[in-house]
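Novice: Supplied structure: query_5.csv, CSV, C-alpha atoms.
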```csv
chain,number,residue,atom,x,y,z
A,251,LEU,CA,90.1,134.6,131.8
A,252,ARG,CA,89.1,132.9,128.6
A,253,ILE,CA,92.7,133.0,127.3
A,254,GLU,CA,93.9,131.4,130.6
A,255,GLU,CA,91.2,128.7,130.4
A,256,ARG,CA,92.2,127.9,126.8
A,257,SER,CA,95.8,127.8,127.9
A,258,LYS,CA,95.1,125.4,130.7
A,259,GLU,CA,93.0,123.2,128.3
A,260,ALA,CA,95.9,123.1,125.8
A,261,GLU,CA,98.4,122.1,128.4
A,262,ASP,CA,96.1,119.4,129.8
A,263,ASN,CA,95.5,118.1,126.3
A,264,LEU,CA,99.2,118.0,125.4
A,265,LYS,CA,100.0,116.2,128.7
A,266,PHE,CA,97.6,113.4,128.0
A,267,LEU,CA,98.1,113.2,124.2
A,268,GLU,CA,101.9,112.7,124.8
A,269,ILE,CA,100.9,109.3,126.3
A,270,LEU,CA,100.2,108.3,122.7
A,271,ALA,CA,103.5,109.5,121.3
A,272,ALA,CA,105.6,106.4,121.9
A,273,PRO,CA,102.9,103.8,120.8
A,274,CYS,CA,102.1,105.8,117.7
A,275,GLU,CA,105.8,106.0,116.7
A,276,GLU,CA,105.9,102.2,117.1
A,277,LEU,CA,102.7,101.8,115.1
A,278,VAL,CA,104.2,103.5,112.0
A,279,SER,CA,107.4,101.3,112.3
A,280,LEU,CA,105.5,98.0,112.1
A,281,ASP,CA,104.0,96.1,109.2
A,282,PRO,CA,100.4,94.9,109.2
A,283,ALA,CA,101.4,91.4,110.2
A,284,ASN,CA,103.0,92.7,113.5
A,285,LEU,CA,100.9,95.8,114.1
A,286,PRO,CA,98.1,94.0,116.1
A,287,SER,CA,100.5,93.4,118.9
A,288,ILE,CA,100.5,97.0,120.0
A,289,LEU,CA,96.7,97.6,119.5
A,290,PRO,CA,95.7,96.8,123.1
A,291,HIS,CA,98.3,99.3,124.4
A,292,LEU,CA,97.0,101.9,122.0
A,293,VAL,CA,93.4,101.5,123.0
A,294,ASN,CA,94.3,101.5,126.7
A,295,CYS,CA,96.1,104.8,126.2
A,296,ALA,CA,92.8,106.2,124.8
A,297,ARG,CA,91.0,104.7,127.7
A,298,LEU,CA,93.3,106.5,130.2
A,299,ILE,CA,92.9,109.8,128.4
A,300,CYS,CA,89.1,109.3,128.4
A,301,SER,CA,89.0,108.7,132.1
A,302,ARG,CA,91.6,111.2,133.4
A,303,SER,CA,91.8,114.1,131.0
A,304,THR,CA,89.8,117.1,132.2
A,305,TYR,CA,89.2,118.3,128.7
A,306,TYR,CA,90.0,115.6,126.2
A,307,GLY,CA,87.8,113.1,127.9
A,308,ALA,CA,84.6,114.4,126.2
A,309,LYS,CA,82.9,111.8,124.1
A,310,GLY,CA,83.2,113.7,120.9
A,311,ARG,CA,87.0,114.2,121.3
A,312,ILE,CA,87.6,110.5,122.3
A,313,VAL,CA,85.6,109.4,119.2
A,314,GLY,CA,87.7,111.7,117.1
A,315,LEU,CA,90.9,110.3,118.7
A,316,LEU,CA,89.8,106.7,117.9
A,317,GLN,CA,89.1,107.8,114.4
A,318,LYS,CA,92.5,109.2,114.0
A,319,ILE,CA,94.1,105.9,115.3
A,320,SER,CA,91.9,104.1,112.8
A,321,ASN,CA,93.1,106.3,109.9
A,322,GLU,CA,96.7,105.8,110.9
A,323,ILE,CA,96.3,102.0,110.9
A,324,ILE,CA,94.8,102.2,107.5
A,325,ARG,CA,97.7,104.4,106.3
A,326,VAL,CA,100.2,101.8,107.5
A,327,CYS,CA,98.3,99.0,105.8
A,328,ARG,CA,98.1,101.0,102.5
A,329,ASN,CA,101.8,101.5,102.5
A,330,HIS,CA,102.4,97.7,102.5
A,331,ILE,CA,100.0,97.0,99.5
A,332,SER,CA,101.4,97.2,96.0
A,333,LEU,CA,98.7,97.9,93.4
A,334,ASP,CA,101.3,97.1,90.7
A,335,ASP,CA,101.6,93.6,92.2
A,336,VAL,CA,97.8,93.2,92.6
A,337,PHE,CA,97.2,94.0,88.9
A,338,GLY,CA,100.3,92.7,87.2
A,339,GLY,CA,102.9,91.3,89.6
A,340,ASP,CA,103.3,88.8,92.4
A,341,VAL,CA,99.9,87.5,93.3
A,342,ASN,CA,101.1,85.5,96.3
A,343,SER,CA,102.8,88.6,97.8
A,344,SER,CA,99.7,90.7,97.1
A,345,MET,CA,97.3,88.3,98.7
A,346,LYS,CA,99.5,88.0,101.7
A,347,SER,CA,99.7,91.8,102.2
A,348,LEU,CA,95.9,92.1,101.7
A,349,ARG,CA,95.2,89.3,104.2
A,350,HIS,CA,97.5,90.9,106.8
A,351,SER,CA,95.8,94.2,106.3
A,352,ILE,CA,92.3,92.7,106.7
A,353,ASN,CA,93.4,90.8,109.8
A,354,CYS,CA,95.0,94.0,111.3
A,355,CYS,CA,91.9,96.1,110.8
A,356,THR,CA,89.6,93.4,112.1
A,357,GLU,CA,91.8,93.0,115.2
A,358,TRP,CA,91.6,96.8,115.8
A,359,LYS,CA,87.9,96.6,115.9
A,360,ASN,CA,88.0,93.5,118.2
A,361,VAL,CA,90.4,95.1,120.6
A,362,TYR,CA,88.2,98.2,120.8
A,363,LYS,CA,85.1,96.1,121.5
A,364,ARG,CA,86.8,94.0,124.2
A,365,THR,CA,88.0,97.2,125.9
A,366,ALA,CA,84.5,98.7,125.7
A,367,VAL,CA,83.0,95.7,127.4
A,368,CYS,CA,85.6,95.9,130.2
A,369,VAL,CA,85.0,99.7,130.6
A,370,ASN,CA,81.2,99.2,130.7
A,371,LYS,CA,81.5,96.6,133.4
A,372,GLU,CA,83.4,99.0,135.8
A,373,PRO,CA,81.5,100.8,138.5
A,374,CYS,CA,81.1,104.6,138.3
A,375,ILE,CA,83.6,105.6,140.9
A,376,GLY,CA,85.2,109.1,141.0
A,377,LYS,CA,84.6,112.3,139.2
A,378,HIS,CA,86.5,111.3,136.1
A,379,HIS,CA,84.2,108.3,135.5
A,380,HIS,CA,81.1,110.3,136.0
A,381,LYS,CA,82.5,113.0,133.7
A,382,THR,CA,82.4,110.7,130.7
A,383,GLY,CA,79.2,108.8,131.7
A,384,ALA,CA,81.3,105.8,132.7
A,385,LYS,CA,80.3,104.0,129.5
A,386,TRP,CA,82.1,103.5,126.2
A,387,ASP,CA,78.9,103.7,124.2
A,388,PHE,CA,80.5,105.5,121.3
A,389,ASP,CA,79.1,105.3,117.8
A,390,GLU,CA,81.1,102.4,116.3
A,391,VAL,CA,79.9,103.2,112.8
A,392,THR,CA,81.6,106.6,113.1
A,393,ILE,CA,84.8,105.2,114.6
A,394,PHE,CA,85.2,102.4,112.1
A,395,ALA,CA,83.5,103.6,108.9
A,396,GLN,CA,86.8,104.0,107.1
A,397,VAL,CA,88.2,100.8,108.6
A,398,ASN,CA,85.2,98.8,107.4
A,399,ALA,CA,85.4,100.4,103.9
A,400,PHE,CA,89.1,99.6,103.8
A,401,ILE,CA,88.5,96.0,104.8
A,402,GLN,CA,86.0,95.7,102.0
A,403,ARG,CA,88.4,97.3,99.5
A,404,CYS,CA,91.1,94.7,100.4
A,405,ARG,CA,88.6,91.9,99.9
A,406,GLU,CA,87.7,93.2,96.5
A,407,LEU,CA,91.4,93.5,95.5
A,408,THR,CA,91.8,89.9,96.8
A,409,GLU,CA,89.1,88.9,94.3
A,410,ILE,CA,91.2,90.4,91.5
A,411,CYS,CA,94.2,88.4,92.6
A,412,ILE,CA,92.2,85.2,92.7
A,413,GLY,CA,90.8,86.0,89.2
A,414,ARG,CA,94.4,86.4,87.9
A,415,LEU,CA,95.3,83.0,89.3
A,416,GLN,CA,92.3,81.4,87.6
A,417,PHE,CA,92.5,83.1,84.2
A,418,VAL,CA,96.0,84.3,83.5
A,419,CYS,CA,98.5,81.6,82.4
A,420,SER,CA,101.2,83.4,80.4
A,421,SER,CA,101.9,86.6,82.5
A,422,PRO,CA,105.2,87.0,84.4
A,423,LEU,CA,103.4,86.1,87.6
A,424,VAL,CA,103.2,82.5,86.5
A,425,GLU,CA,106.4,82.1,84.5
A,426,ASN,CA,107.3,78.9,86.4
A,427,ARG,CA,103.8,78.1,87.5
A,428,ALA,CA,105.1,78.1,91.1
A,429,ILE,CA,102.3,80.4,92.1
A,430,ASN,CA,99.6,77.7,92.2
A,431,ASN,CA,101.7,74.6,91.8
A,432,ALA,CA,100.1,73.8,88.4
A,433,SER,CA,101.2,73.7,84.8
A,434,ILE,CA,99.5,74.9,81.7
A,435,PRO,CA,97.4,71.9,80.4
A,436,LYS,CA,98.1,70.4,77.0
A,437,PHE,CA,95.1,69.2,75.0
A,438,GLY,CA,95.6,66.5,72.3
A,439,GLY,CA,93.4,65.3,69.5
A,440,THR,CA,91.8,67.3,66.8
A,441,SER,CA,90.1,69.6,69.2
A,442,GLY,CA,93.3,70.5,71.1
A,443,PRO,CA,94.3,73.5,69.1
A,444,GLN,CA,90.8,75.0,69.3
A,445,ILE,CA,90.7,74.5,73.0
A,446,MET,CA,94.0,76.2,73.5
A,447,LYS,CA,92.8,79.0,71.3
A,448,SER,CA,89.7,79.4,73.4
A,449,LEU,CA,91.7,79.4,76.6
A,450,SER,CA,94.0,82.1,75.2
A,451,GLY,CA,91.0,84.2,74.2
A,452,ILE,CA,89.6,83.9,77.7
A,453,GLU,CA,92.9,85.0,79.2
A,454,GLN,CA,93.2,88.0,76.8
A,455,THR,CA,89.7,89.1,77.6
A,456,TYR,CA,90.2,88.8,81.3
A,457,THR,CA,93.5,90.7,81.1
A,458,SER,CA,91.9,93.5,79.2
A,459,HIS,CA,89.3,93.9,82.0
A,460,VAL,CA,92.0,94.0,84.7
A,461,GLU,CA,94.0,96.5,82.7
A,462,GLN,CA,91.0,98.7,82.4
A,463,LEU,CA,90.4,98.6,86.1
A,464,GLN,CA,94.1,99.3,86.7
A,465,LYS,CA,94.0,102.5,84.6
A,466,VAL,CA,91.4,104.3,86.6
A,467,ASP,CA,92.4,107.9,87.3
A,468,TYR,CA,92.1,107.8,91.1
A,469,ASP,CA,93.7,106.2,94.1
A,470,ILE,CA,92.1,102.8,94.4
A,471,LEU,CA,93.2,102.5,98.1
A,472,ASN,CA,91.5,105.7,99.0
A,473,VAL,CA,88.2,104.4,100.4
A,474,ARG,CA,86.6,107.9,100.1
A,475,THR,CA,86.7,107.4,96.4
A,476,SER,CA,83.2,106.2,95.6
A,477,GLN,CA,83.8,105.7,91.8
A,478,TRP,CA,85.6,102.5,92.7
A,479,HIS,CA,82.2,100.8,93.5
A,480,LYS,CA,80.9,101.4,90.0
A,481,ASP,CA,84.2,100.4,88.3
A,482,PHE,CA,84.6,97.2,90.4
A,483,ASN,CA,81.0,96.2,89.8
A,484,ASN,CA,81.5,96.6,86.1
A,485,TYR,CA,84.6,94.4,86.3
A,486,LYS,CA,82.7,91.7,88.2
A,487,ILE,CA,79.9,91.8,85.6
A,488,ALA,CA,82.4,91.5,82.7
A,489,VAL,CA,84.2,88.5,84.1
A,490,LYS,CA,81.1,86.5,85.0
```
Mind turning the file's structure into structure tokens?
Specialist:
Amino acid sequence: LRIEERSKEAEDNLKFLEILAAPCEELVSLDPANLPSILPHLVNCARLICSRSTYYGAKGRIVGLLQKISNEIIRVCRNHISLDDVFGGDVNSSMKSLRHSINCCTEWKNVYKRTAVCVNKEPCIGKHHHKTGAKWDFDEVTIFAQVNAFIQRCRELTEICIGRLQFVCSSPLVENRAINNASIPKFGGTSGPQIMKSLSGIEQTYTSHVEQLQKVDYDILNVRTSQWHKDFNNYKIAVK
């Protein structure tokens, strides 16, 4: 009997999880700029599974499902961020990718919250609603812990991009100064050479700090890597 029950559970789970197959395939085909367009459909699929699945509608399993969607969204965003560009390449492109990733993850949280509000306003009608308590009162910290950490990581990488715009004048990223519509200033008078030397020294010092951060021996985009917090804090202290 236990084997039969487990078999029925597996069949029921498969039937409802197949609902997510098409939107998940679409998710991995999109970039962070366009991914938010399918998020309402994704969360509504989870809502359907929660309310109708005999087995997968349990709170713990739905929370786990939402975590998996969160992790997949992070994976898509990670694939569109070039650390080489962040630390030594096209700053504009990097900042754009980071901004889209932040917006995408933030929108995922907003879509979930709007859906939870709608679910919680609905009356408790039918056995399926009562089975799940009718409320989406899931632990958002658990669902979005990795998402929040990834958003913060993207913001910190954006700080590095901004620092490169401020301090680096001679790297390939600003060969034609098109990046910030500015030109390297020329200083005249007897103090001119000394000022230029000081600016060059600031640039070299800043570049060395960025290169040190770039050479860390772990995946910077992996938010489970706690060593980044210490290394980034050291970078911020050094460039003050």
Novice: Given the choices A:Ile299, A:Val293, A:Leu407, A:Ile412, which gets closest to His479 (chain A) if the distance is worked out from all atoms listed in the file?
Specialist: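 The shortest atom-to-atom distance to His479 (chain A) comes from A:Leu407.
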Novice: Leaving out region 482-487 of chain A and any residue of its chain fewer than 4 positions from it, which residues lie within 8 Å of it when counting all atoms listed in the file, given as JSON, numbers by chain?
Specialist: {"A": [406, 459, 460, 463, 478]}
Novice: The selected residues should be written to file as a compact mmCIF listing (two decimals), in the coordinates of the input (atoms: C-alpha atoms).
Specialist:
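The file below, out.txt, is the result:
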```txt
# COMPACT_ATOMS: atom_id res chain seq x y z
CA GLU A 406 87.70 93.20 96.50
CA HIS A 459 89.30 93.90 82.00
CA VAL A 460 92.00 94.00 84.70
CA LEU A 463 90.40 98.60 86.10
CA TRP A 478 85.60 102.50 92.70
```
Novice: Using all atoms listed in the file for the distances, tell me which of A:Thr365, A:Lys490, A:Cys411, A:Asp481 is nearest to Asp334 (chain A).
Specialist: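 For Asp334 (chain A), the nearest of the given residues is A:Cys411.
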Novice: Could you check the closest approach to His330 (chain A) for each of A:Thr356, A:Ser279, A:Asn263, A:Thr304 and tell me which residue wins, using only C-alpha atoms?
Specialist: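 The closest residue to His330 (chain A) is A:Ser279.
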Novice: Which of these residues is nearest to Val336 (chain A), using all atoms listed in the file: A:Thr408, A:Ser257, A:Asn294, A:Gln454?
Specialist: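 Going through A:Thr408, A:Ser257, A:Asn294, A:Gln454 one by one, the smallest distance to Val336 (chain A) is for A:Thr408.
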Novice: Residues near Glu275 (chain A), anyone? I mean within 12 Å using all atoms listed in the file, not counting same-chain ones fewer than 2 positions away, as a PyMOL selection string.
Specialist: chain A and resi 268-273+277-280+285+288+292+319+322-323+326
Novice: Hey, what's within 12 Å of Lys363 (chain A) if we count only C-alpha atoms and toss same-chain stuff fewer than 2 positions away? As a count of residues only, please?
Specialist: 23
Novice: Can you pull out every residue within 9 Å of Ser303 (chain A), counting all atoms listed in the file, but drop anything in the same chain fewer than 2 positions away, and send it as a PyMOL selection string?
Specialist: chain A and resi 262-263+265-266+298-301+305-308+378
